[in-house]
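Structure file model30.cif (mmCIF, C-alpha atoms) is printed below.
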data_query
#
loop_
_atom_site.label_atom_id
_atom_site.label_comp_id
_atom_site.auth_asym_id
_atom_site.auth_seq_id
_atom_site.Cartn_x
_atom_site.Cartn_y
_atom_site.Cartn_z
CA MET A 169 0.00 0.00 0.00
CA ALA A 170 2.77 2.46 0.95
CA ALA A 171 4.84 1.48 -2.08
CA GLU A 172 1.91 2.14 -4.40
CA PHE A 173 1.41 5.56 -2.80
CA ALA A 174 5.09 6.37 -3.24
CA VAL A 175 5.03 5.37 -6.91
CA ASN A 176 1.89 7.41 -7.56
CA PHE A 177 3.35 10.42 -5.74
CA LEU A 178 6.57 10.15 -7.76
CA LYS A 179 4.55 9.98 -10.98
CA PHE A 180 2.65 13.08 -9.89
CA LEU A 181 5.89 14.96 -9.26
CA LEU A 182 7.31 13.88 -12.61
CA TYR A 183 4.14 14.97 -14.43
CA ALA A 184 4.26 18.31 -12.61
CA LEU A 185 7.87 18.78 -13.70
CA GLU A 186 6.93 17.86 -17.26
CA PHE A 187 4.15 20.46 -17.28
CA ALA A 188 6.51 23.06 -15.78
CA VAL A 189 9.06 22.41 -18.55
CA LEU A 190 6.33 22.63 -21.19
CA GLY A 191 5.02 25.82 -19.61
CA ARG A 192 8.47 27.34 -19.64
CA VAL A 193 8.91 26.50 -23.32
CA LEU A 194 5.52 27.94 -24.26
CA LEU A 195 6.09 31.04 -22.16
CA SER A 196 9.46 31.61 -23.83
CA TRP A 197 7.69 31.79 -27.19
CA VAL A 198 5.09 34.26 -25.94
CA GLN A 199 7.35 36.34 -23.68
CA PRO A 200 10.95 35.89 -24.86
CA ARG A 201 12.42 38.44 -22.43
CA GLY A 202 11.16 36.45 -19.45
CA ASP A 203 10.37 39.41 -17.22
CA SER A 204 7.25 37.99 -15.54
CA SER A 205 7.01 36.37 -12.14
CA LEU A 206 5.58 33.21 -13.73
CA HIS A 207 8.66 32.90 -15.91
CA ALA A 208 10.92 33.34 -12.87
CA PHE A 209 8.96 30.68 -10.96
CA LEU A 210 9.13 28.17 -13.83
CA ALA A 211 12.83 28.86 -14.32
CA MET A 212 13.47 28.30 -10.62
CA ILE A 213 11.71 24.92 -10.78
CA THR A 214 13.07 23.65 -14.09
CA GLU A 215 16.61 25.04 -14.29
CA PRO A 216 18.13 22.43 -11.91
CA VAL A 217 17.01 19.77 -14.41
CA LEU A 218 17.49 21.64 -17.68
CA GLY A 219 20.88 23.21 -16.86
CA PRO A 220 22.99 20.03 -16.65
CA ILE A 221 21.37 18.59 -19.77
CA ARG A 222 21.92 21.87 -21.62
CA ARG A 223 25.64 21.68 -20.75
CA LEU A 224 25.86 18.10 -22.06
CA LEU A 225 24.20 18.77 -25.41
CA PRO A 226 26.26 20.24 -28.23
CA SER A 227 25.46 23.75 -29.47
CA SER A 228 22.68 23.67 -32.02
CA GLY A 229 22.58 27.15 -33.50
CA GLY A 230 20.38 28.90 -30.96
CA LEU A 231 17.91 26.07 -30.43
CA ASP A 232 17.65 24.53 -26.99
CA PHE A 233 16.82 20.82 -27.11
CA SER A 234 17.17 20.24 -23.37
CA PRO A 235 13.40 20.56 -22.70
CA PHE A 236 12.76 17.88 -25.32
CA VAL A 237 15.31 15.57 -23.71
CA VAL A 238 13.82 16.14 -20.25
CA ILE A 239 10.28 15.43 -21.44
CA VAL A 240 11.38 12.23 -23.21
CA VAL A 241 13.32 11.02 -20.16
CA ILE A 242 10.40 11.79 -17.84
CA GLY A 243 8.08 9.86 -20.16
CA MET A 244 10.41 6.87 -20.09
CA VAL A 245 10.69 6.93 -16.30
CA VAL A 246 6.92 7.19 -15.85
CA ARG A 247 6.35 4.26 -18.20
CA TYR A 248 8.89 2.20 -16.28
CA LEU A 249 7.16 2.96 -12.98
#

Written form, structure tokens:
Amino acid sequence: MAAEFAVNFLKFLLYALEFAVLGRVLLSWVQPRGDSSLHAFLAMITEPVLGPIRRLLPSSGGLDFSPFVVIVVIGMVVRYL
């Protein structure tokens, strides 16, 4: 019973992180300067995950593929759970 709760809670957290990453991407298209409090909040939540992946990926001419990688990895982890 406790293990099932833990797995469901972890899935919830991973889905929340996935939505935060997606929200940050969408907000960057609408508000590229990022001067809103929502943008600061999403950056604070997602940057610890996106930053290391961004450093690992090669430069791709101004496009940031780290959100895509994070969403794919989260999807794989959730399916495994």

Write out as a list in words the residues lying within 12 Å of Leu249 (chain A), counting all atoms listed in the file and excluding same-chain residues fewer than 3 positions away.
Ala171, Glu172, Phe173, Ala174, Val175, Asn176, Phe177, Leu178, Lys179, Phe180, Leu182, Ile242, Gly243, Met244, Val245 and Val246 of chain A

For the file shown, report as number ranges by chain the outcome of the PyMOL selection byres ((chain A and resi 215) around 12) at residue level.
A: 185, 188-189, 192-193, 207-214, 216-223, 234-235, 238

Give me a file of those residues, with C-alpha atoms, as an mmCIF file, in the frame of the given file.
data_model
loop_
_atom_site.group_PDB
_atom_site.id
_atom_site.type_symbol
_atom_site.label_atom_id
_atom_site.label_comp_id
_atom_site.auth_asym_id
_atom_site.auth_seq_id
_atom_site.Cartn_x
_atom_site.Cartn_y
_atom_site.Cartn_z
ATOM 1 C CA LEU A 185 7.870 18.780 -13.700
ATOM 2 C CA ALA A 188 6.510 23.060 -15.780
ATOM 3 C CA VAL A 189 9.060 22.410 -18.550
ATOM 4 C CA ARG A 192 8.470 27.340 -19.640
ATOM 5 C CA VAL A 193 8.910 26.500 -23.320
ATOM 6 C CA HIS A 207 8.660 32.900 -15.910
ATOM 7 C CA ALA A 208 10.920 33.340 -12.870
ATOM 8 C CA PHE A 209 8.960 30.680 -10.960
ATOM 9 C CA LEU A 210 9.130 28.170 -13.830
ATOM 10 C CA ALA A 211 12.830 28.860 -14.320
ATOM 11 C CA MET A 212 13.470 28.300 -10.620
ATOM 12 C CA ILE A 213 11.710 24.920 -10.780
ATOM 13 C CA THR A 214 13.070 23.650 -14.090
ATOM 14 C CA PRO A 216 18.130 22.430 -11.910
ATOM 15 C CA VAL A 217 17.010 19.770 -14.410
ATOM 16 C CA LEU A 218 17.490 21.640 -17.680
ATOM 17 C CA GLY A 219 20.880 23.210 -16.860
ATOM 18 C CA PRO A 220 22.990 20.030 -16.650
ATOM 19 C CA ILE A 221 21.370 18.590 -19.770
ATOM 20 C CA ARG A 222 21.920 21.870 -21.620
ATOM 21 C CA ARG A 223 25.640 21.680 -20.750
ATOM 22 C CA SER A 234 17.170 20.240 -23.370
ATOM 23 C CA PRO A 235 13.400 20.560 -22.700
ATOM 24 C CA VAL A 238 13.820 16.140 -20.250
#

So what do you get for CA of Val241 (chain A) versus CA of Arg201 (chain A), distance-wise?
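Going from CA of Val241 (chain A) over to CA of Arg201 (chain A) covers 27.5 Å.
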
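Interatomic distance, CA of Gly191 (chain A) to CA of Gly229 (chain A): 22.4 Å.
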
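Here CA of Leu225 (chain A) stands at a distance of 18.8 Å from CA of Leu190 (chain A).
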
What would the file be for region 193-228 of chain A if you keep N, CA and C atoms and write it as a PDB file, in the first residue's frame?
ATOM      1  N   VAL A 193       8.672  26.422 -21.871  1.00  0.00           N
ATOM      2  CA  VAL A 193       8.910  26.505 -23.320  1.00  0.00           C
ATOM      3  C   VAL A 193       7.859  27.384 -23.978  1.00  0.00           C
ATOM      4  N   LEU A 194       6.596  27.145 -23.659  1.00  0.00           N
ATOM      5  CA  LEU A 194       5.519  27.943 -24.261  1.00  0.00           C
ATOM      6  C   LEU A 194       5.626  29.406 -23.859  1.00  0.00           C
ATOM      7  N   LEU A 195       5.953  29.664 -22.620  1.00  0.00           N
ATOM      8  CA  LEU A 195       6.090  31.041 -22.165  1.00  0.00           C
ATOM      9  C   LEU A 195       7.274  31.735 -22.834  1.00  0.00           C
ATOM     10  N   SER A 196       8.314  30.997 -23.151  1.00  0.00           N
ATOM     11  CA  SER A 196       9.462  31.610 -23.831  1.00  0.00           C
ATOM     12  C   SER A 196       9.110  32.024 -25.260  1.00  0.00           C
ATOM     13  N   TRP A 197       8.124  31.373 -25.852  1.00  0.00           N
ATOM     14  CA  TRP A 197       7.686  31.786 -27.191  1.00  0.00           C
ATOM     15  C   TRP A 197       6.811  33.032 -27.117  1.00  0.00           C
ATOM     16  N   VAL A 198       6.007  33.133 -26.072  1.00  0.00           N
ATOM     17  CA  VAL A 198       5.092  34.260 -25.942  1.00  0.00           C
ATOM     18  C   VAL A 198       5.797  35.478 -25.361  1.00  0.00           C
ATOM     19  N   GLN A 199       6.650  35.264 -24.374  1.00  0.00           N
ATOM     20  CA  GLN A 199       7.349  36.338 -23.678  1.00  0.00           C
ATOM     21  C   GLN A 199       8.845  36.034 -23.664  1.00  0.00           C
ATOM     22  N   PRO A 200       9.549  36.300 -24.765  1.00  0.00           N
ATOM     23  CA  PRO A 200      10.950  35.888 -24.863  1.00  0.00           C
ATOM     24  C   PRO A 200      11.880  36.568 -23.851  1.00  0.00           C
ATOM     25  N   ARG A 201      11.546  37.766 -23.393  1.00  0.00           N
ATOM     26  CA  ARG A 201      12.425  38.442 -22.434  1.00  0.00           C
ATOM     27  C   ARG A 201      12.371  37.786 -21.068  1.00  0.00           C
ATOM     28  N   GLY A 202      11.276  37.159 -20.721  1.00  0.00           N
ATOM     29  CA  GLY A 202      11.162  36.454 -19.454  1.00  0.00           C
ATOM     30  C   GLY A 202      11.143  37.366 -18.248  1.00  0.00           C
ATOM     31  N   ASP A 203      10.386  38.457 -18.318  1.00  0.00           N
ATOM     32  CA  ASP A 203      10.371  39.413 -17.216  1.00  0.00           C
ATOM     33  C   ASP A 203       9.148  39.278 -16.309  1.00  0.00           C
ATOM     34  N   SER A 204       8.423  38.171 -16.402  1.00  0.00           N
ATOM     35  CA  SER A 204       7.253  37.986 -15.542  1.00  0.00           C
ATOM     36  C   SER A 204       7.609  37.111 -14.343  1.00  0.00           C
ATOM     37  N   SER A 205       6.776  37.188 -13.329  1.00  0.00           N
ATOM     38  CA  SER A 205       7.010  36.368 -12.140  1.00  0.00           C
ATOM     39  C   SER A 205       6.749  34.890 -12.429  1.00  0.00           C
ATOM     40  N   LEU A 206       5.826  34.607 -13.346  1.00  0.00           N
ATOM     41  CA  LEU A 206       5.575  33.213 -13.726  1.00  0.00           C
ATOM     42  C   LEU A 206       6.810  32.613 -14.392  1.00  0.00           C
ATOM     43  N   HIS A 207       7.446  33.374 -15.252  1.00  0.00           N
ATOM     44  CA  HIS A 207       8.660  32.897 -15.911  1.00  0.00           C
ATOM     45  C   HIS A 207       9.765  32.644 -14.887  1.00  0.00           C
ATOM     46  N   ALA A 208       9.899  33.526 -13.916  1.00  0.00           N
ATOM     47  CA  ALA A 208      10.915  33.342 -12.872  1.00  0.00           C
ATOM     48  C   ALA A 208      10.625  32.098 -12.041  1.00  0.00           C
ATOM     49  N   PHE A 209       9.352  31.859 -11.729  1.00  0.00           N
ATOM     50  CA  PHE A 209       8.963  30.683 -10.956  1.00  0.00           C
ATOM     51  C   PHE A 209       9.261  29.397 -11.729  1.00  0.00           C
ATOM     52  N   LEU A 210       8.880  29.367 -13.011  1.00  0.00           N
ATOM     53  CA  LEU A 210       9.131  28.169 -13.826  1.00  0.00           C
ATOM     54  C   LEU A 210      10.626  27.946 -14.025  1.00  0.00           C
ATOM     55  N   ALA A 211      11.379  29.002 -14.177  1.00  0.00           N
ATOM     56  CA  ALA A 211      12.831  28.864 -14.318  1.00  0.00           C
ATOM     57  C   ALA A 211      13.444  28.316 -13.040  1.00  0.00           C
ATOM     58  N   MET A 212      12.951  28.772 -11.896  1.00  0.00           N
ATOM     59  CA  MET A 212      13.472  28.302 -10.615  1.00  0.00           C
ATOM     60  C   MET A 212      13.208  26.799 -10.435  1.00  0.00           C
ATOM     61  N   ILE A 213      12.065  26.325 -10.925  1.00  0.00           N
ATOM     62  CA  ILE A 213      11.710  24.916 -10.778  1.00  0.00           C
ATOM     63  C   ILE A 213      12.449  24.041 -11.788  1.00  0.00           C
ATOM     64  N   THR A 214      12.567  24.502 -13.018  1.00  0.00           N
ATOM     65  CA  THR A 214      13.068  23.648 -14.093  1.00  0.00           C
ATOM     66  C   THR A 214      14.569  23.758 -14.349  1.00  0.00           C
ATOM     67  N   GLU A 215      15.193  24.845 -13.962  1.00  0.00           N
ATOM     68  CA  GLU A 215      16.613  25.035 -14.288  1.00  0.00           C
ATOM     69  C   GLU A 215      17.522  23.986 -13.658  1.00  0.00           C
ATOM     70  N   PRO A 216      17.260  23.491 -12.430  1.00  0.00           N
ATOM     71  CA  PRO A 216      18.126  22.426 -11.909  1.00  0.00           C
ATOM     72  C   PRO A 216      18.123  21.151 -12.752  1.00  0.00           C
ATOM     73  N   VAL A 217      17.075  20.941 -13.535  1.00  0.00           N
ATOM     74  CA  VAL A 217      17.011  19.767 -14.408  1.00  0.00           C
ATOM     75  C   VAL A 217      17.516  20.110 -15.803  1.00  0.00           C
ATOM     76  N   LEU A 218      17.127  21.268 -16.313  1.00  0.00           N
ATOM     77  CA  LEU A 218      17.493  21.643 -17.680  1.00  0.00           C
ATOM     78  C   LEU A 218      18.960  22.051 -17.801  1.00  0.00           C
ATOM     79  N   GLY A 219      19.509  22.693 -16.791  1.00  0.00           N
ATOM     80  CA  GLY A 219      20.881  23.206 -16.855  1.00  0.00           C
ATOM     81  C   GLY A 219      21.928  22.149 -17.144  1.00  0.00           C
ATOM     82  N   PRO A 220      21.972  21.064 -16.364  1.00  0.00           N
ATOM     83  CA  PRO A 220      22.991  20.030 -16.648  1.00  0.00           C
ATOM     84  C   PRO A 220      22.826  19.386 -18.020  1.00  0.00           C
ATOM     85  N   ILE A 221      21.589  19.188 -18.444  1.00  0.00           N
ATOM     86  CA  ILE A 221      21.370  18.594 -19.773  1.00  0.00           C
ATOM     87  C   ILE A 221      21.790  19.574 -20.856  1.00  0.00           C
ATOM     88  N   ARG A 222      21.522  20.852 -20.652  1.00  0.00           N
ATOM     89  CA  ARG A 222      21.918  21.875 -21.618  1.00  0.00           C
ATOM     90  C   ARG A 222      23.433  21.907 -21.779  1.00  0.00           C
ATOM     91  N   ARG A 223      24.168  21.691 -20.680  1.00  0.00           N
ATOM     92  CA  ARG A 223      25.639  21.681 -20.754  1.00  0.00           C
ATOM     93  C   ARG A 223      26.166  20.447 -21.470  1.00  0.00           C
ATOM     94  N   LEU A 224      25.421  19.333 -21.397  1.00  0.00           N
ATOM     95  CA  LEU A 224      25.860  18.099 -22.058  1.00  0.00           C
ATOM     96  C   LEU A 224      25.615  18.110 -23.560  1.00  0.00           C
ATOM     97  N   LEU A 225      24.546  18.768 -23.987  1.00  0.00           N
ATOM     98  CA  LEU A 225      24.198  18.774 -25.406  1.00  0.00           C
ATOM     99  C   LEU A 225      25.111  19.714 -26.187  1.00  0.00           C
ATOM    100  N   PRO A 226      25.442  19.336 -27.416  1.00  0.00           N
ATOM    101  CA  PRO A 226      26.255  20.245 -28.232  1.00  0.00           C
ATOM    102  C   PRO A 226      25.439  21.463 -28.663  1.00  0.00           C
ATOM    103  N   SER A 227      26.122  22.532 -29.007  1.00  0.00           N
ATOM    104  CA  SER A 227      25.464  23.750 -29.469  1.00  0.00           C
ATOM    105  C   SER A 227      24.722  23.472 -30.770  1.00  0.00           C
ATOM    106  N   SER A 228      23.506  23.980 -30.846  1.00  0.00           N
ATOM    107  CA  SER A 228      22.684  23.674 -32.024  1.00  0.00           C
ATOM    108  C   SER A 228      22.152  24.936 -32.693  1.00  0.00           C
TER     109      SER A 228
END
